file upload15.tsv (TSV, N, CA and C atoms)
chain	number	residue	atom	x	y	z
N	1	MET	N	-16.58	34.78	-29.51
N	1	MET	CA	-15.87	33.54	-29.65
N	1	MET	C	-14.96	33.29	-28.43
N	2	ALA	N	-14.24	34.32	-27.97
N	2	ALA	CA	-13.36	34.17	-26.83
N	2	ALA	C	-14.16	33.87	-25.57
N	3	LYS	N	-15.38	34.48	-25.44
N	3	LYS	CA	-16.22	34.21	-24.27
N	3	LYS	C	-16.70	32.77	-24.27
N	4	SER	N	-17.09	32.25	-25.41
N	4	SER	CA	-17.57	30.87	-25.46
N	4	SER	C	-16.42	29.89	-25.19
N	5	ARG	N	-15.23	30.23	-25.60
N	5	ARG	CA	-14.06	29.38	-25.33
N	5	ARG	C	-13.76	29.36	-23.83
N	6	LYS	N	-13.82	30.54	-23.17
N	6	LYS	CA	-13.60	30.62	-21.71
N	6	LYS	C	-14.68	29.84	-20.97
N	7	PHE	N	-15.93	29.96	-21.45
N	7	PHE	CA	-17.04	29.25	-20.82
N	7	PHE	C	-16.82	27.75	-20.93
N	8	LEU	N	-16.43	27.27	-22.10
N	8	LEU	CA	-16.18	25.86	-22.31
N	8	LEU	C	-15.04	25.36	-21.42
N	9	LEU	N	-13.97	26.13	-21.33
N	9	LEU	CA	-12.85	25.76	-20.47
N	9	LEU	C	-13.28	25.72	-19.00
N	10	SER	N	-14.13	26.67	-18.61
N	10	SER	CA	-14.63	26.69	-17.23
N	10	SER	C	-15.45	25.44	-16.94
N	11	ILE	N	-16.31	25.06	-17.88
N	11	ILE	CA	-17.12	23.86	-17.71
N	11	ILE	C	-16.23	22.62	-17.61
N	12	LEU	N	-15.24	22.53	-18.48
N	12	LEU	CA	-14.32	21.39	-18.43
N	12	LEU	C	-13.54	21.35	-17.12
N	13	LEU	N	-13.11	22.49	-16.63
N	13	LEU	CA	-12.39	22.55	-15.36
N	13	LEU	C	-13.29	22.10	-14.21
N	14	LEU	N	-14.52	22.57	-14.19
N	14	LEU	CA	-15.47	22.15	-13.15
N	14	LEU	C	-15.73	20.65	-13.21
N	15	PHE	N	-15.88	20.12	-14.40
N	15	PHE	CA	-16.09	18.69	-14.56
N	15	PHE	C	-14.89	17.91	-14.03
N	16	PHE	N	-13.69	18.37	-14.35
N	16	PHE	CA	-12.48	17.71	-13.87
N	16	PHE	C	-12.41	17.74	-12.34
N	17	VAL	N	-12.65	18.88	-11.74
N	17	VAL	CA	-12.61	19.01	-10.27
N	17	VAL	C	-13.67	18.12	-9.65
N	18	PHE	N	-14.89	18.13	-10.20
N	18	PHE	CA	-15.95	17.29	-9.68
N	18	PHE	C	-15.56	15.81	-9.75
N	19	THR	N	-15.01	15.40	-10.87
N	19	THR	CA	-14.59	14.01	-11.04
N	19	THR	C	-13.48	13.65	-10.05
N	20	LEU	N	-12.56	14.54	-9.86
N	20	LEU	CA	-11.44	14.30	-8.95
N	20	LEU	C	-11.91	14.12	-7.52
N	21	PHE	N	-12.86	14.90	-7.08
N	21	PHE	CA	-13.31	14.86	-5.69
N	21	PHE	C	-14.62	14.11	-5.50
N	22	SER	N	-15.03	13.33	-6.47
N	22	SER	CA	-16.25	12.53	-6.31
N	22	SER	C	-15.99	11.40	-5.33
N	23	SER	N	-17.03	10.67	-5.00
N	23	SER	CA	-16.92	9.66	-3.95
N	23	SER	C	-15.99	8.51	-4.30
N	24	SER	N	-15.75	8.24	-5.57
N	24	SER	CA	-14.81	7.17	-5.90
N	24	SER	C	-13.88	7.63	-7.01
N	25	ASN	N	-12.66	7.14	-6.91
N	25	ASN	CA	-11.68	7.55	-7.92
N	25	ASN	C	-11.43	6.41	-8.90
N	26	ALA	N	-10.50	6.62	-9.81
N	26	ALA	CA	-10.23	5.63	-10.86
N	26	ALA	C	-9.64	4.34	-10.31
N	27	LEU	N	-9.08	4.38	-9.10
N	27	LEU	CA	-8.48	3.19	-8.53
N	27	LEU	C	-9.47	2.39	-7.69
N	28	GLY	N	-10.73	2.82	-7.63
N	28	GLY	CA	-11.74	1.99	-7.01
N	28	GLY	C	-12.06	2.32	-5.57
N	29	GLY	N	-11.71	3.44	-5.05
N	29	GLY	CA	-12.04	3.76	-3.67
N	29	GLY	C	-12.20	5.24	-3.47
N	30	LYS	N	-12.56	5.59	-2.25
N	30	LYS	CA	-12.69	7.01	-1.93
N	30	LYS	C	-11.31	7.65	-1.96
N	31	LEU	N	-11.27	8.86	-2.46
N	31	LEU	CA	-10.00	9.57	-2.54
N	31	LEU	C	-9.43	9.73	-1.14
N	32	GLY	N	-8.26	9.22	-0.90
N	32	GLY	CA	-7.61	9.31	0.39
N	32	GLY	C	-8.04	8.26	1.38
N	33	GLY	N	-9.08	7.50	1.09
N	33	GLY	CA	-9.55	6.46	2.00
N	33	GLY	C	-8.91	5.12	1.70
N	34	ARG	N	-8.95	4.23	2.68
N	34	ARG	CA	-8.43	2.88	2.48
N	34	ARG	C	-9.46	2.00	1.80
N	35	THR	N	-9.00	1.13	0.93
N	35	THR	CA	-9.88	0.15	0.31
N	35	THR	C	-9.28	-1.24	0.47
N	36	GLN	N	-10.14	-2.21	0.73
N	36	GLN	CA	-9.73	-3.60	0.89
N	36	GLN	C	-9.30	-4.15	-0.45
N	37	ILE	N	-8.23	-4.92	-0.46
N	37	ILE	CA	-7.77	-5.59	-1.68
N	37	ILE	C	-8.28	-7.03	-1.62
N	38	LYS	N	-8.99	-7.44	-2.65
N	38	LYS	CA	-9.56	-8.78	-2.70
N	38	LYS	C	-8.57	-9.76	-3.30
N	39	HIS	N	-8.77	-11.04	-3.00
N	39	HIS	CA	-7.98	-12.13	-3.56
N	39	HIS	C	-6.48	-11.93	-3.31
N	40	VAL	N	-6.16	-11.55	-2.09
N	40	VAL	CA	-4.78	-11.22	-1.72
N	40	VAL	C	-3.84	-12.41	-1.93
N	41	LYS	N	-4.28	-13.58	-1.57
N	41	LYS	CA	-3.40	-14.75	-1.62
N	41	LYS	C	-3.00	-15.14	-3.04
N	42	THR	N	-3.77	-14.71	-4.04
N	42	THR	CA	-3.43	-15.02	-5.44
N	42	THR	C	-2.93	-13.80	-6.19
N	43	ASN	N	-2.80	-12.67	-5.50
N	43	ASN	CA	-2.34	-11.43	-6.13
N	43	ASN	C	-0.81	-11.37	-6.03
N	44	GLN	N	-0.14	-11.63	-7.15
N	44	GLN	CA	1.33	-11.72	-7.14
N	44	GLN	C	1.99	-10.40	-6.72
N	45	GLU	N	1.42	-9.27	-7.15
N	45	GLU	CA	1.99	-7.97	-6.78
N	45	GLU	C	1.98	-7.78	-5.26
N	46	ILE	N	0.89	-8.14	-4.61
N	46	ILE	CA	0.77	-7.99	-3.16
N	46	ILE	C	1.70	-8.97	-2.45
N	47	GLN	N	1.77	-10.20	-2.93
N	47	GLN	CA	2.68	-11.18	-2.32
N	47	GLN	C	4.14	-10.72	-2.46
N	48	ASP	N	4.49	-10.14	-3.60
N	48	ASP	CA	5.84	-9.61	-3.80
N	48	ASP	C	6.12	-8.45	-2.85
N	49	LEU	N	5.12	-7.61	-2.60
N	49	LEU	CA	5.30	-6.52	-1.62
N	49	LEU	C	5.53	-7.08	-0.23
N	50	GLY	N	4.83	-8.14	0.12
N	50	GLY	CA	5.04	-8.79	1.42
N	50	GLY	C	6.46	-9.34	1.55
N	51	LYS	N	6.95	-9.98	0.50
N	51	LYS	CA	8.33	-10.48	0.49
N	51	LYS	C	9.32	-9.33	0.66
N	52	TYR	N	9.05	-8.23	-0.04
N	52	TYR	CA	9.91	-7.04	0.08
N	52	TYR	C	9.95	-6.56	1.53
N	53	CYS	N	8.80	-6.51	2.19
N	53	CYS	CA	8.74	-6.04	3.58
N	53	CYS	C	9.59	-6.93	4.49
N	54	ILE	N	9.49	-8.25	4.31
N	54	ILE	CA	10.28	-9.18	5.13
N	54	ILE	C	11.78	-9.01	4.83
N	55	GLU	N	12.13	-8.87	3.56
N	55	GLU	CA	13.54	-8.68	3.20
N	55	GLU	C	14.10	-7.39	3.81
N	56	GLU	N	13.34	-6.31	3.75
N	56	GLU	CA	13.79	-5.04	4.33
N	56	GLU	C	13.92	-5.15	5.85
N	57	HIS	N	12.94	-5.80	6.48
N	57	HIS	CA	13.00	-6.01	7.93
N	57	HIS	C	14.24	-6.82	8.30
N	58	ASN	N	14.49	-7.91	7.57
N	58	ASN	CA	15.66	-8.76	7.84
N	58	ASN	C	16.96	-7.99	7.62
N	59	ARG	N	17.00	-7.15	6.57
N	59	ARG	CA	18.21	-6.37	6.30
N	59	ARG	C	18.51	-5.44	7.48
N	60	LYS	N	17.48	-4.81	8.01
N	60	LYS	CA	17.67	-3.91	9.16
N	60	LYS	C	18.07	-4.68	10.40
N	61	LEU	N	17.49	-5.88	10.59
N	61	LEU	CA	17.82	-6.69	11.76
N	61	LEU	C	19.25	-7.23	11.69
N	62	GLN	N	19.72	-7.56	10.49
N	62	GLN	CA	21.09	-8.06	10.36
N	62	GLN	C	22.08	-7.02	10.83
N	63	GLU	N	21.75	-5.75	10.60
N	63	GLU	CA	22.61	-4.67	11.07
N	63	GLU	C	22.62	-4.61	12.60
N	64	GLN	N	21.53	-5.10	13.22
N	64	GLN	CA	21.42	-5.07	14.69
N	64	GLN	C	21.60	-6.46	15.29
N	65	ASN	N	21.96	-7.46	14.48
N	65	ASN	CA	22.14	-8.85	14.92
N	65	ASN	C	20.87	-9.42	15.55
N	66	GLY	N	19.73	-9.20	14.92
N	66	GLY	CA	18.45	-9.69	15.44
N	66	GLY	C	18.05	-10.99	14.77
N	67	GLY	N	16.89	-11.54	15.20
N	67	GLY	CA	16.35	-12.77	14.62
N	67	GLY	C	15.69	-12.50	13.29
N	68	LEU	N	15.98	-13.35	12.31
N	68	LEU	CA	15.46	-13.15	10.97
N	68	LEU	C	14.13	-13.86	10.77
N	69	LEU	N	13.36	-13.39	9.78
N	69	LEU	CA	12.06	-13.95	9.47
N	69	LEU	C	12.08	-14.60	8.09
N	70	SER	N	11.20	-15.57	7.91
N	70	SER	CA	11.01	-16.22	6.62
N	70	SER	C	9.57	-15.95	6.18
N	71	PHE	N	9.41	-15.37	4.98
N	71	PHE	CA	8.10	-14.99	4.45
N	71	PHE	C	7.24	-16.22	4.21
N	72	SER	N	5.96	-16.13	4.64
N	72	SER	CA	4.99	-17.19	4.32
N	72	SER	C	4.02	-16.65	3.27
N	73	GLN	N	3.20	-15.65	3.65
N	73	GLN	CA	2.26	-15.05	2.71
N	73	GLN	C	1.62	-13.81	3.31
N	74	VAL	N	1.11	-12.96	2.43
N	74	VAL	CA	0.28	-11.83	2.85
N	74	VAL	C	-1.13	-12.39	2.98
N	75	VAL	N	-1.77	-12.14	4.14
N	75	VAL	CA	-3.10	-12.70	4.36
N	75	VAL	C	-4.20	-11.65	4.25
N	76	GLU	N	-3.87	-10.38	4.44
N	76	GLU	CA	-4.83	-9.28	4.28
N	76	GLU	C	-4.08	-8.08	3.73
N	77	ALA	N	-4.79	-7.24	2.97
N	77	ALA	CA	-4.16	-6.04	2.44
N	77	ALA	C	-5.21	-4.97	2.16
N	78	GLU	N	-4.80	-3.73	2.39
N	78	GLU	CA	-5.59	-2.56	2.03
N	78	GLU	C	-4.67	-1.61	1.30
N	79	LYS	N	-5.27	-0.70	0.51
N	79	LYS	CA	-4.46	0.31	-0.16
N	79	LYS	C	-5.10	1.67	0.05
N	80	GLN	N	-4.27	2.69	-0.02
N	80	GLN	CA	-4.71	4.07	0.14
N	80	GLN	C	-3.95	4.91	-0.87
N	81	VAL	N	-4.69	5.73	-1.62
N	81	VAL	CA	-4.06	6.60	-2.60
N	81	VAL	C	-3.51	7.81	-1.88
N	82	VAL	N	-2.21	8.00	-1.98
N	82	VAL	CA	-1.50	9.17	-1.44
N	82	VAL	C	-0.67	9.69	-2.61
N	83	SER	N	0.48	10.22	-2.38
N	83	SER	CA	1.35	10.54	-3.53
N	83	SER	C	2.06	9.25	-3.90
N	84	GLY	N	1.31	8.37	-4.51
N	84	GLY	CA	1.68	6.99	-4.77
N	84	GLY	C	0.58	6.14	-4.17
N	85	ILE	N	0.89	4.90	-3.82
N	85	ILE	CA	-0.10	4.05	-3.16
N	85	ILE	C	0.54	3.50	-1.89
N	86	LYS	N	-0.17	3.68	-0.79
N	86	LYS	CA	0.27	3.16	0.50
N	86	LYS	C	-0.48	1.86	0.73
N	87	TYR	N	0.27	0.79	1.01
N	87	TYR	CA	-0.31	-0.52	1.27
N	87	TYR	C	-0.18	-0.86	2.75
N	88	TYR	N	-1.25	-1.37	3.30
N	88	TYR	CA	-1.29	-1.86	4.68
N	88	TYR	C	-1.41	-3.37	4.59
N	89	LEU	N	-0.37	-4.08	5.00
N	89	LEU	CA	-0.31	-5.53	4.82
N	89	LEU	C	-0.29	-6.26	6.16
N	90	LYS	N	-0.97	-7.38	6.23
N	90	LYS	CA	-0.86	-8.31	7.34
N	90	LYS	C	-0.14	-9.52	6.77
N	91	ILE	N	1.06	-9.78	7.31
N	91	ILE	CA	1.95	-10.78	6.75
N	91	ILE	C	2.17	-11.92	7.73
N	92	SER	N	2.07	-13.13	7.24
N	92	SER	CA	2.41	-14.30	8.03
N	92	SER	C	3.88	-14.64	7.73
N	93	ALA	N	4.66	-14.78	8.80
N	93	ALA	CA	6.08	-15.13	8.64
N	93	ALA	C	6.50	-16.00	9.81
N	94	THR	N	7.55	-16.78	9.59
N	94	THR	CA	8.08	-17.61	10.66
N	94	THR	C	9.46	-17.12	11.05
N	95	THR	N	9.77	-17.29	12.33
N	95	THR	CA	11.11	-16.93	12.78
N	95	THR	C	12.04	-18.06	12.38
N	96	LYS	N	13.19	-17.70	11.85
N	96	LYS	CA	14.13	-18.72	11.37
N	96	LYS	C	14.72	-19.52	12.53
N	97	SER	N	14.81	-18.90	13.71
N	97	SER	CA	15.39	-19.61	14.85
N	97	SER	C	14.43	-20.65	15.43
N	98	SER	N	13.16	-20.30	15.63
N	98	SER	CA	12.22	-21.23	16.26
N	98	SER	C	11.26	-21.89	15.29
N	99	GLY	N	11.07	-21.28	14.12
N	99	GLY	CA	10.14	-21.82	13.15
N	99	GLY	C	8.68	-21.58	13.47
N	100	SER	N	8.42	-20.81	14.51
N	100	SER	CA	7.02	-20.56	14.88
N	100	SER	C	6.43	-19.43	14.05
N	101	PRO	N	5.19	-19.64	13.53
N	101	PRO	CA	4.57	-18.60	12.71
N	101	PRO	C	4.04	-17.45	13.55
N	102	LYS	N	4.15	-16.25	13.00
N	102	LYS	CA	3.65	-15.05	13.66
N	102	LYS	C	3.05	-14.14	12.60
N	103	MET	N	2.20	-13.21	13.05
N	103	MET	CA	1.59	-12.23	12.15
N	103	MET	C	2.24	-10.88	12.37
N	104	PHE	N	2.50	-10.18	11.27
N	104	PHE	CA	3.14	-8.87	11.32
N	104	PHE	C	2.31	-7.87	10.51
N	105	ASP	N	2.33	-6.62	10.95
N	105	ASP	CA	1.70	-5.52	10.22
N	105	ASP	C	2.80	-4.71	9.56
N	106	ALA	N	2.60	-4.40	8.29
N	106	ALA	CA	3.58	-3.61	7.55
N	106	ALA	C	2.86	-2.53	6.76
N	107	VAL	N	3.51	-1.38	6.63
N	107	VAL	CA	3.02	-0.30	5.79
N	107	VAL	C	4.14	0.04	4.82
N	108	VAL	N	3.81	-0.02	3.52
N	108	VAL	CA	4.80	0.24	2.47
N	108	VAL	C	4.19	1.18	1.45
N	109	VAL	N	4.99	2.14	0.98
N	109	VAL	CA	4.53	3.09	-0.04
N	109	VAL	C	5.23	2.76	-1.34
N	110	VAL	N	4.42	2.72	-2.42
N	110	VAL	CA	4.94	2.47	-3.76
N	110	VAL	C	4.66	3.69	-4.62
N	111	ILE	N	5.72	4.24	-5.20
N	111	ILE	CA	5.59	5.37	-6.13
N	111	ILE	C	6.06	4.83	-7.48
N	112	ALA	N	5.09	4.34	-8.25
N	112	ALA	CA	5.39	3.60	-9.48
N	112	ALA	C	6.16	4.43	-10.49
N	113	TRP	N	5.77	5.69	-10.67
N	113	TRP	CA	6.42	6.51	-11.71
N	113	TRP	C	7.87	6.83	-11.36
N	114	GLU	N	8.26	6.66	-10.10
N	114	GLU	CA	9.66	6.84	-9.71
N	114	GLU	C	10.36	5.50	-9.52
N	115	LYS	N	9.61	4.40	-9.74
N	115	LYS	CA	10.12	3.05	-9.51
N	115	LYS	C	10.73	2.95	-8.13
N	116	LYS	N	9.96	3.38	-7.13
N	116	LYS	CA	10.45	3.45	-5.76
N	116	LYS	C	9.42	2.83	-4.83
N	117	LYS	N	9.92	2.11	-3.81
N	117	LYS	CA	9.06	1.64	-2.73
N	117	LYS	C	9.84	1.76	-1.43
N	118	GLU	N	9.09	1.99	-0.36
N	118	GLU	CA	9.73	2.20	0.93
N	118	GLU	C	8.89	1.59	2.04
N	119	LEU	N	9.53	0.78	2.86
N	119	LEU	CA	8.88	0.20	4.03
N	119	LEU	C	8.83	1.27	5.12
N	120	LEU	N	7.62	1.66	5.52
N	120	LEU	CA	7.46	2.71	6.52
N	120	LEU	C	7.43	2.14	7.93
N	121	THR	N	6.61	1.11	8.15
N	121	THR	CA	6.54	0.49	9.48
N	121	THR	C	6.46	-1.01	9.34
N	122	PHE	N	6.96	-1.71	10.34
N	122	PHE	CA	6.90	-3.16	10.39
N	122	PHE	C	6.88	-3.55	11.86
N	123	SER	N	5.82	-4.26	12.26
N	123	SER	CA	5.71	-4.61	13.68
N	123	SER	C	4.92	-5.89	13.84
N	124	LEU	N	5.10	-6.52	14.98
N	124	LEU	CA	4.34	-7.72	15.35
N	124	LEU	C	2.88	-7.31	15.53
N	125	SER	N	1.96	-8.05	14.92
N	125	SER	CA	0.53	-7.75	15.06
N	125	SER	C	0.09	-8.03	16.49
N	126	PRO	N	-0.78	-7.19	17.01
N	126	PRO	CA	-1.30	-7.49	18.34
N	126	PRO	C	-2.16	-8.75	18.25
N	127	SER	N	-2.13	-9.56	19.29
N	127	SER	CA	-2.94	-10.79	19.29
N	127	SER	C	-4.41	-10.41	19.36
N	128	PRO	N	-5.30	-11.24	18.82
N	128	PRO	CA	-6.74	-10.92	18.80
N	128	PRO	C	-7.32	-10.65	20.19
N	129	ALA	N	-6.76	-11.28	21.22
N	129	ALA	CA	-7.28	-11.09	22.58
N	129	ALA	C	-6.99	-9.70	23.12
N	130	THR	N	-5.93	-9.02	22.58
N	130	THR	CA	-5.56	-7.69	23.09
N	130	THR	C	-6.13	-6.56	22.27
N	131	LYS	N	-6.86	-6.87	21.20
N	131	LYS	CA	-7.41	-5.80	20.35
N	131	LYS	C	-8.60	-5.16	21.01
call {"tool": "encode", "arguments": {"input": "upload15.tsv", "output": "structure tokens"}}
result
Amino acid sequence: MAKSRKFLLSILLLFFVFTLFSSSNALGGKLGGRTQIKHVKTNQEIQDLGKYCIEEHNRKLQEQNGGLLSFSQVVEAEKQVVSGIKYYLKISATTKSSGSPKMFDAVVVVIAWEKKKELLTFSLSPSPATK
């Protein structure tokens, strides 16, 4: 009886490990790989993350007396499962001083179970001609 119980537990453990490291995970992509997020412009969670990125950027700039940005919309997004979810966002924003629209790249990590998010990087997107 003890041998059959160990065998069953071994089979269950192998199944769990196989499932964990299979080509796709429960969130819809390869484990550790980036996946494209569809319907970004109508996804309220993604748009809210874009607003958060602009607010954090502006907060840091106010400390340095820099030019502030006004959020327009997230136009592209990808996600990557890490210890939480890392989002790669392309955000359209306008400068409050000139009103001219620009594209920015932002990386933000969300750890839902800790109710925490952190803006990792925020930068002006390279123009298509320089890519």
call {"tool": "closest_residue", "arguments": {"input": "upload15.tsv", "among": "N:Lys96, N:Lys90, N:Lys116, N:Lys79", "to": "Arg34 of chain N", "atoms": "only N, CA and C atoms"}}
result
N:Lys79
call {"tool": "closest_residue", "arguments": {"input": "upload15.tsv", "among": "N:Ala112, N:Val75, N:Leu120, N:Val82", "to": "His39 of chain N", "atoms": "all atoms listed in the file"}}
result
N:Val75
call {"tool": "closest_residue", "arguments": {"input": "upload15.tsv", "among": "N:Ser83, N:Ser97, N:Pro126, N:Phe104", "to": "Gly67 of chain N", "atoms": "only C-alpha atoms"}}
result
N:Ser97
call {"tool": "residues_around", "arguments": {"input": "upload15.tsv", "residues": "Lys51 of chain N", "least_positions_apart": "4", "cutoff": "7 Å", "atoms": "only N, CA and C atoms", "output": "list in words"}}
result
Ile46, Gln47, Glu55, Glu56, Phe71 and Val74 of chain N
call {"tool": "atom_distance", "arguments": {"input": "upload15.tsv", "atom1": "atom CA of Pro101 of chain N", "atom2": "atom N of Lys60 of chain N"}}
result
19.5 Å
call {"tool": "residues_around", "arguments": {"input": "upload15.tsv", "residues": "Asp105 of chain N", "least_positions_apart": "4", "cutoff": "12 Å", "atoms": "only C-alpha atoms", "output": "PyMOL selection string"}}
result
chain N and resi 50+53-54+57+74-78+87-93+119-127
call {"tool": "decode", "arguments": {"input": "upload15.tsv", "residues": "segment 54-76 of chain N", "atoms": "N, CA, C and O atoms", "output": "CSV table (one decimal), in the first residue's frame"}}
result
chain,number,residue,atom,x,y,z
N,54,ILE,N,2.6,57.0,-16.8
N,54,ILE,CA,2.8,58.5,-17.1
N,54,ILE,C,2.8,59.2,-15.7
N,54,ILE,O,3.6,60.1,-15.5
N,55,GLU,N,1.9,58.8,-14.8
N,55,GLU,CA,1.8,59.5,-13.5
N,55,GLU,C,3.2,59.3,-12.7
N,55,GLU,O,3.7,60.3,-12.1
N,56,GLU,N,3.7,58.1,-12.8
N,56,GLU,CA,5.0,57.9,-12.1
N,56,GLU,C,6.1,58.7,-12.8
N,56,GLU,O,7.0,59.3,-12.1
N,57,HIS,N,6.1,58.7,-14.1
N,57,HIS,CA,7.1,59.5,-14.8
N,57,HIS,C,7.0,61.0,-14.5
N,57,HIS,O,8.0,61.6,-14.2
N,58,ASN,N,5.8,61.5,-14.5
N,58,ASN,CA,5.6,62.9,-14.1
N,58,ASN,C,6.0,63.2,-12.7
N,58,ASN,O,6.6,64.2,-12.4
N,59,ARG,N,5.7,62.3,-11.8
N,59,ARG,CA,6.1,62.5,-10.4
N,59,ARG,C,7.6,62.6,-10.2
N,59,ARG,O,8.1,63.5,-9.5
N,60,LYS,N,8.3,61.7,-10.9
N,60,LYS,CA,9.8,61.8,-10.9
N,60,LYS,C,10.3,63.1,-11.6
N,60,LYS,O,11.3,63.7,-11.1
N,61,LEU,N,9.7,63.5,-12.6
N,61,LEU,CA,10.1,64.7,-13.3
N,61,LEU,C,9.8,66.0,-12.5
N,61,LEU,O,10.6,66.9,-12.5
N,62,GLN,N,8.7,66.0,-11.7
N,62,GLN,CA,8.4,67.1,-10.9
N,62,GLN,C,9.5,67.3,-9.9
N,62,GLN,O,9.9,68.5,-9.6
N,63,GLU,N,10.1,66.2,-9.4
N,63,GLU,CA,11.2,66.3,-8.5
N,63,GLU,C,12.5,66.9,-9.1
N,63,GLU,O,13.3,67.5,-8.5
N,64,GLN,N,12.6,66.8,-10.5
N,64,GLN,CA,13.7,67.3,-11.2
N,64,GLN,C,13.3,68.6,-12.0
N,64,GLN,O,14.1,69.0,-12.9
N,65,ASN,N,12.1,69.1,-11.9
N,65,ASN,CA,11.6,70.2,-12.6
N,65,ASN,C,11.6,70.0,-14.1
N,65,ASN,O,12.0,70.9,-14.9
N,66,GLY,N,11.2,68.9,-14.6
N,66,GLY,CA,11.2,68.6,-16.0
N,66,GLY,C,9.8,68.8,-16.6
N,66,GLY,O,8.9,69.2,-15.9
N,67,GLY,N,9.7,68.6,-17.9
N,67,GLY,CA,8.4,68.7,-18.7
N,67,GLY,C,7.5,67.6,-18.4
N,67,GLY,O,7.9,66.4,-18.4
N,68,LEU,N,6.2,67.9,-18.1
N,68,LEU,CA,5.3,66.8,-17.8
N,68,LEU,C,4.6,66.3,-19.0
N,68,LEU,O,4.5,67.0,-20.1
N,69,LEU,N,4.0,65.1,-18.9
N,69,LEU,CA,3.3,64.4,-20.0
N,69,LEU,C,1.9,64.3,-19.7
N,69,LEU,O,1.5,64.2,-18.5
N,70,SER,N,1.0,64.2,-20.7
N,70,SER,CA,-0.4,64.0,-20.6
N,70,SER,C,-0.7,62.6,-21.3
N,70,SER,O,-0.4,62.5,-22.5
N,71,PHE,N,-1.3,61.7,-20.6
N,71,PHE,CA,-1.6,60.3,-21.2
N,71,PHE,C,-2.6,60.4,-22.3
N,71,PHE,O,-3.6,61.1,-22.1
N,72,SER,N,-2.3,59.7,-23.4
N,72,SER,CA,-3.3,59.6,-24.5
N,72,SER,C,-3.9,58.2,-24.5
N,72,SER,O,-5.0,58.0,-24.2
N,73,GLN,N,-3.0,57.2,-24.8
N,73,GLN,CA,-3.4,55.8,-24.7
N,73,GLN,C,-2.3,54.9,-24.9
N,73,GLN,O,-1.2,55.2,-25.4
N,74,VAL,N,-2.5,53.6,-24.5
N,74,VAL,CA,-1.5,52.5,-24.7
N,74,VAL,C,-1.9,52.0,-26.1
N,74,VAL,O,-3.0,51.7,-26.4
N,75,VAL,N,-0.9,51.9,-27.0
N,75,VAL,CA,-1.2,51.5,-28.4
N,75,VAL,C,-0.7,50.1,-28.6
N,75,VAL,O,-1.2,49.4,-29.6
N,76,GLU,N,0.3,49.6,-27.9
N,76,GLU,CA,0.8,48.2,-28.0
N,76,GLU,C,1.1,47.7,-26.6
N,76,GLU,O,1.6,48.5,-25.8
